[in-house]
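Here is upload.txt, consisting of compact mmCIF, C-alpha atoms and all ligand atoms:
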```
# COMPACT_ATOMS: atom_id res chain seq x y z
CA MET E 1 0.00 0.00 0.00
CA SER E 2 1.33 3.43 -0.96
CA GLU E 3 2.79 5.43 1.95
CA PRO E 4 2.41 9.20 2.51
CA VAL E 5 5.37 11.30 1.41
CA LYS E 6 3.94 14.61 2.50
CA ILE E 7 0.89 15.89 4.40
CA TYR E 8 -0.03 19.58 4.46
CA GLU E 9 -3.04 21.77 5.17
CA HIS E 10 -5.28 22.33 2.17
CA PRO E 11 -4.60 25.79 0.70
CA ASN E 12 -8.34 26.63 0.56
CA TYR E 13 -9.85 24.74 3.49
CA LYS E 14 -8.50 25.18 7.03
CA GLY E 15 -8.45 21.98 9.07
CA VAL E 16 -8.49 19.82 5.95
CA TYR E 17 -5.27 18.13 4.85
CA VAL E 18 -3.82 16.87 1.59
CA VAL E 19 -1.95 13.56 1.75
CA GLU E 20 0.52 13.02 -1.08
CA LEU E 21 1.25 9.33 -1.55
CA GLU E 22 4.35 7.57 -2.90
CA ASP E 23 2.50 6.62 -6.10
CA GLY E 24 1.92 10.31 -6.90
CA SER E 25 -1.79 10.35 -6.01
CA ALA E 26 -3.31 12.65 -3.37
CA ARG E 27 -6.05 12.16 -0.77
CA LEU E 28 -8.04 14.42 1.53
CA ALA E 29 -7.72 13.84 5.25
CA THR E 30 -8.53 15.32 8.64
CA LYS E 31 -6.39 15.24 11.79
CA ASN E 32 -7.66 12.35 13.92
CA LEU E 33 -9.20 13.62 17.17
CA VAL E 34 -8.97 10.08 18.55
CA PRO E 35 -5.62 8.67 17.38
CA GLY E 36 -5.65 4.97 16.63
CA LYS E 37 -9.42 4.86 16.01
CA ARG E 38 -11.10 4.39 12.64
CA VAL E 39 -14.77 5.16 11.99
CA TYR E 40 -15.56 3.50 8.64
CA GLY E 41 -12.47 1.50 7.74
CA GLU E 42 -10.59 4.55 6.45
CA ARG E 43 -6.78 4.61 6.21
CA LEU E 44 -4.79 6.22 9.00
CA PHE E 45 -1.60 8.13 8.18
CA ARG E 46 1.09 9.03 10.69
CA TYR E 47 3.09 12.15 9.85
CA GLY E 48 5.25 14.11 12.26
CA ASP E 49 3.53 14.07 15.66
CA SER E 50 0.02 13.71 14.25
CA GLU E 51 -2.28 11.08 12.86
CA TYR E 52 -4.60 11.77 9.94
CA ARG E 53 -7.68 9.91 8.68
CA GLU E 54 -8.32 9.59 4.97
CA TRP E 55 -11.52 11.43 4.03
CA ASN E 56 -13.17 9.37 1.31
CA ALA E 57 -15.13 11.46 -1.18
CA TYR E 58 -17.06 8.38 -2.32
CA ARG E 59 -18.35 7.93 1.24
CA SER E 60 -18.78 11.55 2.36
CA LYS E 61 -20.63 14.19 0.35
CA LEU E 62 -18.76 16.98 2.12
CA ALA E 63 -15.40 15.58 0.98
CA GLY E 64 -16.86 15.28 -2.52
CA ALA E 65 -17.96 18.92 -2.40
CA LEU E 66 -14.44 20.02 -1.41
CA LEU E 67 -12.84 18.00 -4.21
CA LYS E 68 -15.36 19.59 -6.58
CA GLY E 69 -14.09 23.01 -5.52
CA LEU E 70 -16.71 24.29 -3.03
CA LYS E 71 -16.12 28.04 -2.70
CA GLU E 72 -15.12 27.79 0.98
CA LEU E 73 -15.56 25.56 4.02
CA PRO E 74 -17.45 27.45 6.73
CA ILE E 75 -16.51 24.86 9.39
CA SER E 76 -13.23 25.34 11.27
CA LEU E 77 -11.58 24.90 14.66
CA GLY E 78 -14.06 25.86 17.39
CA SER E 79 -17.17 25.93 15.16
CA ARG E 80 -20.55 24.98 16.61
CA VAL E 81 -22.40 22.82 14.09
CA LEU E 82 -25.93 21.43 14.01
CA TYR E 83 -25.83 18.31 11.84
CA LEU E 84 -29.18 16.91 10.60
CA GLY E 85 -29.06 13.28 9.43
CA ALA E 86 -25.96 11.98 11.22
CA GLY E 87 -26.28 8.46 9.80
CA SER E 88 -23.69 6.12 11.27
CA GLY E 89 -21.23 9.00 11.59
CA THR E 90 -18.97 9.01 8.52
CA THR E 91 -19.12 12.74 7.73
CA PRO E 92 -19.91 13.82 11.31
CA SER E 93 -16.64 12.21 12.42
CA HIS E 94 -14.65 14.36 9.99
CA VAL E 95 -16.58 17.46 11.06
CA SER E 96 -15.70 16.48 14.64
CA ASP E 97 -12.01 16.32 13.66
CA ILE E 98 -12.19 19.77 12.05
CA VAL E 99 -14.00 21.61 14.88
CA GLY E 100 -11.65 19.98 17.43
CA LYS E 101 -12.04 19.95 21.20
CA GLU E 102 -13.07 23.63 21.23
CA GLY E 103 -16.01 23.01 18.89
CA VAL E 104 -19.22 21.00 19.12
CA VAL E 105 -21.29 18.92 16.69
CA TYR E 106 -24.96 18.53 17.66
CA ALA E 107 -25.92 15.52 15.56
CA VAL E 108 -29.59 14.65 14.98
CA GLU E 109 -30.61 11.20 13.69
CA PHE E 110 -34.09 9.68 13.90
CA ALA E 111 -33.48 5.99 13.06
CA PRO E 112 -32.74 4.06 16.29
CA ARG E 113 -30.79 1.30 14.52
CA VAL E 114 -28.54 3.85 12.79
CA MET E 115 -28.21 5.83 16.03
CA ARG E 116 -26.87 2.72 17.79
CA GLU E 117 -23.96 2.62 15.32
CA PHE E 118 -23.47 6.37 15.60
CA LEU E 119 -23.28 6.17 19.41
CA VAL E 120 -20.10 4.08 19.10
CA VAL E 121 -18.52 6.99 17.18
CA ALA E 122 -19.88 9.63 19.57
CA GLU E 123 -18.65 7.67 22.61
CA ASP E 124 -15.04 8.33 21.56
CA ARG E 125 -15.60 11.89 20.42
CA LYS E 126 -16.56 14.15 23.26
CA ASN E 127 -17.33 17.08 20.94
CA ILE E 128 -20.29 15.19 19.41
CA VAL E 129 -23.69 15.49 21.09
CA PRO E 130 -25.87 12.69 19.63
CA ILE E 131 -29.59 13.48 19.56
CA LEU E 132 -32.18 10.80 18.72
CA ALA E 133 -34.94 12.97 17.25
CA ASP E 134 -36.86 13.86 14.12
CA ALA E 135 -35.39 16.96 12.46
CA ARG E 136 -38.96 17.99 11.57
CA ILE E 137 -39.59 18.74 15.23
CA PRO E 138 -36.80 21.07 16.40
CA THR E 139 -38.76 21.91 19.57
CA ARG E 140 -37.82 18.41 20.81
CA TYR E 141 -34.14 19.36 21.03
CA ARG E 142 -34.30 23.10 21.58
CA TYR E 143 -33.17 22.68 25.19
CA ILE E 144 -30.08 20.72 24.16
CA VAL E 145 -28.83 22.70 21.16
CA GLU E 146 -27.37 26.20 21.53
CA THR E 147 -27.04 28.80 18.78
CA VAL E 148 -24.78 27.39 16.06
CA ASP E 149 -22.43 28.83 13.43
CA VAL E 150 -23.22 26.22 10.78
CA LEU E 151 -26.18 24.04 9.87
CA TYR E 152 -25.35 20.87 7.91
CA ALA E 153 -28.23 18.87 6.42
CA ASP E 154 -28.17 15.48 4.74
CA ILE E 155 -31.58 13.96 5.43
CA ALA E 156 -32.83 13.31 1.85
CA GLN E 157 -36.42 14.22 2.62
CA PRO E 158 -38.82 15.72 0.04
CA ASP E 159 -39.22 18.86 2.13
CA GLN E 160 -35.61 19.11 3.30
CA ALA E 161 -35.28 22.85 2.55
CA ALA E 162 -38.37 23.58 4.68
CA ILE E 163 -37.04 21.41 7.53
CA VAL E 164 -33.69 23.19 7.28
CA SER E 165 -35.38 26.60 7.37
CA ASP E 166 -37.31 25.67 10.54
CA ASN E 167 -34.09 24.54 12.21
CA ALA E 168 -32.31 27.72 11.12
CA LYS E 169 -35.00 29.83 12.82
CA PHE E 170 -34.39 28.01 16.09
CA PHE E 171 -30.65 27.56 16.07
CA LEU E 172 -28.64 29.30 13.35
CA LYS E 173 -26.98 32.60 14.18
CA ASP E 174 -27.58 35.61 11.93
CA GLY E 175 -24.84 35.39 9.27
CA GLY E 176 -24.42 31.65 9.94
CA TYR E 177 -23.90 29.18 7.11
CA LEU E 178 -25.75 26.25 5.63
CA LEU E 179 -24.37 23.21 3.84
CA MET E 180 -27.17 21.07 2.43
CA ALA E 181 -26.79 17.89 0.42
CA VAL E 182 -29.61 17.52 -2.07
CA LYS E 183 -30.35 13.96 -3.10
CA ALA E 184 -32.35 14.77 -6.21
CA ARG E 185 -33.55 11.33 -7.27
CA SER E 186 -34.83 10.32 -3.86
CA ILE E 187 -36.89 13.47 -3.62
CA ASP E 188 -38.80 12.93 -6.84
CA VAL E 189 -37.71 10.31 -9.37
CA THR E 190 -39.73 11.86 -12.17
CA MET E 191 -37.96 15.23 -12.07
CA GLU E 192 -34.60 16.06 -13.58
CA PRO E 193 -32.02 16.72 -10.85
CA SER E 194 -31.60 20.33 -11.93
CA GLU E 195 -35.32 21.04 -11.37
CA VAL E 196 -35.15 19.59 -7.88
CA TYR E 197 -32.10 21.68 -6.97
CA LYS E 198 -33.90 24.74 -8.25
CA ARG E 199 -37.05 24.07 -6.25
CA GLU E 200 -35.11 23.40 -3.05
CA ILE E 201 -33.02 26.52 -3.62
CA ASP E 202 -36.17 28.62 -4.11
CA VAL E 203 -37.51 27.42 -0.75
CA LEU E 204 -34.22 28.36 0.91
CA LYS E 205 -34.21 31.81 -0.69
CA SER E 206 -37.78 32.54 0.38
CA ASN E 207 -36.75 31.71 3.95
CA GLY E 208 -33.82 34.14 4.12
CA PHE E 209 -30.91 32.14 2.73
CA GLU E 210 -28.58 33.69 0.18
CA ILE E 211 -27.03 31.00 -2.02
CA LEU E 212 -23.24 31.27 -2.24
CA ASP E 213 -22.45 28.16 -4.25
CA VAL E 214 -23.89 24.90 -5.57
CA VAL E 215 -21.56 22.08 -6.56
CA HIS E 216 -22.63 18.87 -8.22
CA LEU E 217 -20.96 15.87 -6.64
CA GLU E 218 -20.46 13.53 -9.57
CA PRO E 219 -18.34 11.44 -10.07
CA PHE E 220 -18.21 10.86 -6.30
CA ASP E 221 -21.96 10.82 -5.81
CA LYS E 222 -24.34 10.67 -8.75
CA ASP E 223 -27.44 12.90 -8.65
CA HIS E 224 -26.41 14.85 -5.58
CA ALA E 225 -25.36 18.45 -5.13
CA MET E 226 -24.08 20.43 -2.16
CA VAL E 227 -25.76 23.77 -1.58
CA TYR E 228 -23.80 26.38 0.35
CA ALA E 229 -25.69 29.41 1.68
CA VAL E 230 -25.59 32.18 4.27
CA TRP E 231 -28.53 32.93 6.56
CA ARG E 232 -29.93 36.37 7.18
CA ARG E 233 -32.32 36.32 10.10
CA LYS E 234 -35.47 38.27 9.34
CA ALA E 235 -36.28 40.92 11.95
C1 LIG E 301 -27.64 9.98 3.72
S1 LIG E 301 -27.80 9.49 5.37
C2 LIG E 301 -26.65 10.49 6.25
C3 LIG E 301 -25.19 10.22 5.99
C4 LIG E 301 -24.29 11.14 6.80
N1 LIG E 301 -24.72 12.51 6.71
C5 LIG E 301 -22.85 11.06 6.36
O1 LIG E 301 -22.45 11.75 5.43
O2 LIG E 301 -22.09 10.31 6.98
C6 LIG E 301 -29.32 10.27 5.84
C7 LIG E 301 -29.71 10.03 7.29
O3 LIG E 301 -30.75 10.95 7.61
C8 LIG E 301 -31.62 10.32 8.52
N2 LIG E 301 -32.89 11.06 8.48
C9 LIG E 301 -33.79 11.13 7.47
N3 LIG E 301 -34.84 11.91 7.81
C10 LIG E 301 -34.59 12.37 9.06
C11 LIG E 301 -35.30 13.20 9.95
N4 LIG E 301 -36.48 13.74 9.60
N5 LIG E 301 -34.76 13.46 11.16
C12 LIG E 301 -33.56 12.92 11.51
N6 LIG E 301 -32.85 12.09 10.72
C13 LIG E 301 -33.35 11.82 9.50
C14 LIG E 301 -31.70 8.88 7.99
O4 LIG E 301 -32.13 7.98 9.00
C15 LIG E 301 -30.26 8.64 7.54
O5 LIG E 301 -29.49 8.01 8.55
```
structure tokens encoding of this file:
Amino acid sequence: MSEPVKIYEHPNYKGVYVVELEDGSARLATKNLVPGKRVYGERLFRYGDSEYREWNAYRSKLAGALLKGLKELPISLGSRVLYLGAGSGTTPSHVSDIVGKEGVVYAVEFAPRVMREFLVVAEDRKNIVPILADARIPTRYRYIVETVDVLYADIAQPDQAAIVSDNAKFFLKDGGYLLMAVKARSIDVTMEPSEVYKREIDVLKSNGFEILDVVHLEPFDKDHAMVYAVWRRKA
């Protein structure tokens, strides 16, 4: 297996690293908050005094968005993030690496079976607050979640933009950012992906989001896009 020859911080994304391998290829990685521990079978790289975890763009839509040139990454050391649709923790674990011990990831997941797997990840990572709840009902977790800098949504629901907007009203600071993965085909199989993106983006705009960028995730993830927006709280 090819070994790393060099690891350095990504020139555009703070807290994200580029691993250059012996065979000339490059990988994304984050600095492992829990050295020695893997989350989804990813490769671990030791370099200098630190350990890094490969961030697989075929497994994580956020990594795919970065490799597709997302304008900027609004998540950094110390960020407070509300993450809707934690799944078994693949992307949340990398977000946890990036925000570090000073940051926090409030991670909402409504499927108990999936949450059981996610709890194993959260157990090791003290900056993750796992919340078993339906993202449609933010009042259920309003006493747990504080005001956040970033809202991340990956719940693949037909009304995801509306759910996101409700959560923003409760938790997102004025001037805070949204990253939303749109899974076009699962929302409506009869519509072309571009129509679905447009409809979801219109809902976001009517709720006070200004769209900063949209990147399509192919070849890493067919029929998905990542929407990046800033939130202006209405008075
Ligand atoms: C695509 S997976 C998430 C993958 C994860 N974001 C990652 O990148 O590692 C979507 C998850 O959203 C969860 N989900 C869907 N609707 C939800 C809702 N209304 N509230 C909370 N979780 C929801 C599903 O159970 C599923 O685990």
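Distance-wise, atom CA of Ile211 of chain E and atom CA of Leu178 of chain E end up 9.1 Å apart.
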Enumerate as a PyMOL selection string the residues within 10 Å of ligand LIG 301 (chain E), counting only C-alpha atoms and all ligand atoms. chain E and resi 40+57+59-63+83-95+107-115+118+131-138+152-160+163+180-183
Å distance separating atom CA of Ala161 of chain E from atom CA of Tyr228 of chain E, one decimal place: 12.2 Å
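Taking atom CA of Arg27 of chain E and atom CA of Gly41 of chain E as endpoints, the distance between them is 15.1 Å.
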Of E:Val121, E:Leu77, E:Gly176, E:Lys68, the one sitting nearest Asp213 of chain E when using all atoms listed in the file is E:Lys68
Looking at only C-alpha atoms, which of E:Leu82, E:Leu204, E:Leu212, E:Leu44 is the one that sits closest to Asn167 of chain E?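 Among the listed residues, the smallest separation from Asn167 of chain E belongs to E:Leu82.
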Return the single residue from E:Ala122, E:Ala29, E:Ala225, E:Leu151 that is closest to Arg80 of chain E, with distances computed using only C-alpha atoms.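 For Arg80 of chain E, the nearest of the candidates is E:Leu151.
Restricting the calculation to all atoms listed in the file, the smallest distance between Pro74 of chain E and any of E:Phe170, E:Tyr13, E:Phe220, E:Trp231 is found for E:Tyr13.
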Nearest-residue call for Glu20 of chain E, choices E:Phe45, E:Asp124, E:Leu179, E:Leu217, using all atoms listed in the file: E:Phe45
Leu28 of chain E proximity check over E:Val129, E:Val215, E:Ala65, E:Ala162, using only C-alpha atoms: winner is E:Ala65
Atoms added to segment 61-80 of chain E (N, CA and C atoms), reported as an mmCIF file, keeping the file's coordinate frame:
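Below you can see selection.cif, which holds the result:
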```
data_model
loop_
_atom_site.group_PDB
_atom_site.id
_atom_site.type_symbol
_atom_site.label_atom_id
_atom_site.label_comp_id
_atom_site.auth_asym_id
_atom_site.auth_seq_id
_atom_site.Cartn_x
_atom_site.Cartn_y
_atom_site.Cartn_z
ATOM 1 N N LYS E 61 -20.279 13.160 1.341
ATOM 2 C CA LYS E 61 -20.630 14.190 0.350
ATOM 3 C C LYS E 61 -19.855 15.492 0.604
ATOM 4 N N LEU E 62 -19.506 15.745 1.861
ATOM 5 C CA LEU E 62 -18.760 16.980 2.120
ATOM 6 C C LEU E 62 -17.359 16.898 1.505
ATOM 7 N N ALA E 63 -16.723 15.746 1.622
ATOM 8 C CA ALA E 63 -15.400 15.580 0.980
ATOM 9 C C ALA E 63 -15.548 15.731 -0.527
ATOM 10 N N GLY E 64 -16.610 15.153 -1.080
ATOM 11 C CA GLY E 64 -16.860 15.280 -2.520
ATOM 12 C C GLY E 64 -17.009 16.742 -2.914
ATOM 13 N N ALA E 65 -17.739 17.496 -2.098
ATOM 14 C CA ALA E 65 -17.960 18.920 -2.400
ATOM 15 C C ALA E 65 -16.632 19.687 -2.387
ATOM 16 N N LEU E 66 -15.743 19.332 -1.469
ATOM 17 C CA LEU E 66 -14.440 20.020 -1.410
ATOM 18 C C LEU E 66 -13.604 19.669 -2.643
ATOM 19 N N LEU E 67 -13.615 18.390 -3.018
ATOM 20 C CA LEU E 67 -12.840 18.000 -4.210
ATOM 21 C C LEU E 67 -13.432 18.602 -5.476
ATOM 22 N N LYS E 68 -14.739 18.935 -5.423
ATOM 23 C CA LYS E 68 -15.360 19.590 -6.580
ATOM 24 C C LYS E 68 -15.220 21.120 -6.503
ATOM 25 N N GLY E 69 -14.452 21.595 -5.538
ATOM 26 C CA GLY E 69 -14.090 23.010 -5.520
ATOM 27 C C GLY E 69 -15.072 23.928 -4.813
ATOM 28 N N LEU E 70 -15.803 23.425 -3.802
ATOM 29 C CA LEU E 70 -16.710 24.290 -3.030
ATOM 30 C C LEU E 70 -15.973 25.590 -2.667
ATOM 31 N N LYS E 71 -16.696 26.697 -2.852
ATOM 32 C CA LYS E 71 -16.120 28.040 -2.700
ATOM 33 C C LYS E 71 -15.303 28.207 -1.407
ATOM 34 N N GLU E 72 -15.865 27.781 -0.288
ATOM 35 C CA GLU E 72 -15.120 27.790 0.980
ATOM 36 C C GLU E 72 -15.741 26.777 1.927
ATOM 37 N N LEU E 73 -15.023 26.454 2.998
ATOM 38 C CA LEU E 73 -15.560 25.560 4.020
ATOM 39 C C LEU E 73 -15.849 26.412 5.248
ATOM 40 N N PRO E 74 -17.131 26.563 5.610
ATOM 41 C CA PRO E 74 -17.450 27.450 6.730
ATOM 42 C C PRO E 74 -17.202 26.829 8.102
ATOM 43 N N ILE E 75 -16.759 25.573 8.119
ATOM 44 C CA ILE E 75 -16.510 24.860 9.390
ATOM 45 C C ILE E 75 -15.017 24.910 9.679
ATOM 46 N N SER E 76 -14.654 25.297 10.912
ATOM 47 C CA SER E 76 -13.230 25.340 11.270
ATOM 48 C C SER E 76 -13.094 25.090 12.770
ATOM 49 N N LEU E 77 -11.858 25.157 13.247
ATOM 50 C CA LEU E 77 -11.580 24.900 14.660
ATOM 51 C C LEU E 77 -12.507 25.749 15.538
ATOM 52 N N GLY E 78 -13.202 25.125 16.457
ATOM 53 C CA GLY E 78 -14.060 25.860 17.390
ATOM 54 C C GLY E 78 -15.483 26.088 16.908
ATOM 55 N N SER E 79 -15.807 25.698 15.668
ATOM 56 C CA SER E 79 -17.170 25.930 15.160
ATOM 57 C C SER E 79 -18.195 25.117 15.952
ATOM 58 N N ARG E 80 -19.397 25.712 16.055
ATOM 59 C CA ARG E 80 -20.550 24.980 16.610
ATOM 60 C C ARG E 80 -21.419 24.608 15.410
#
```
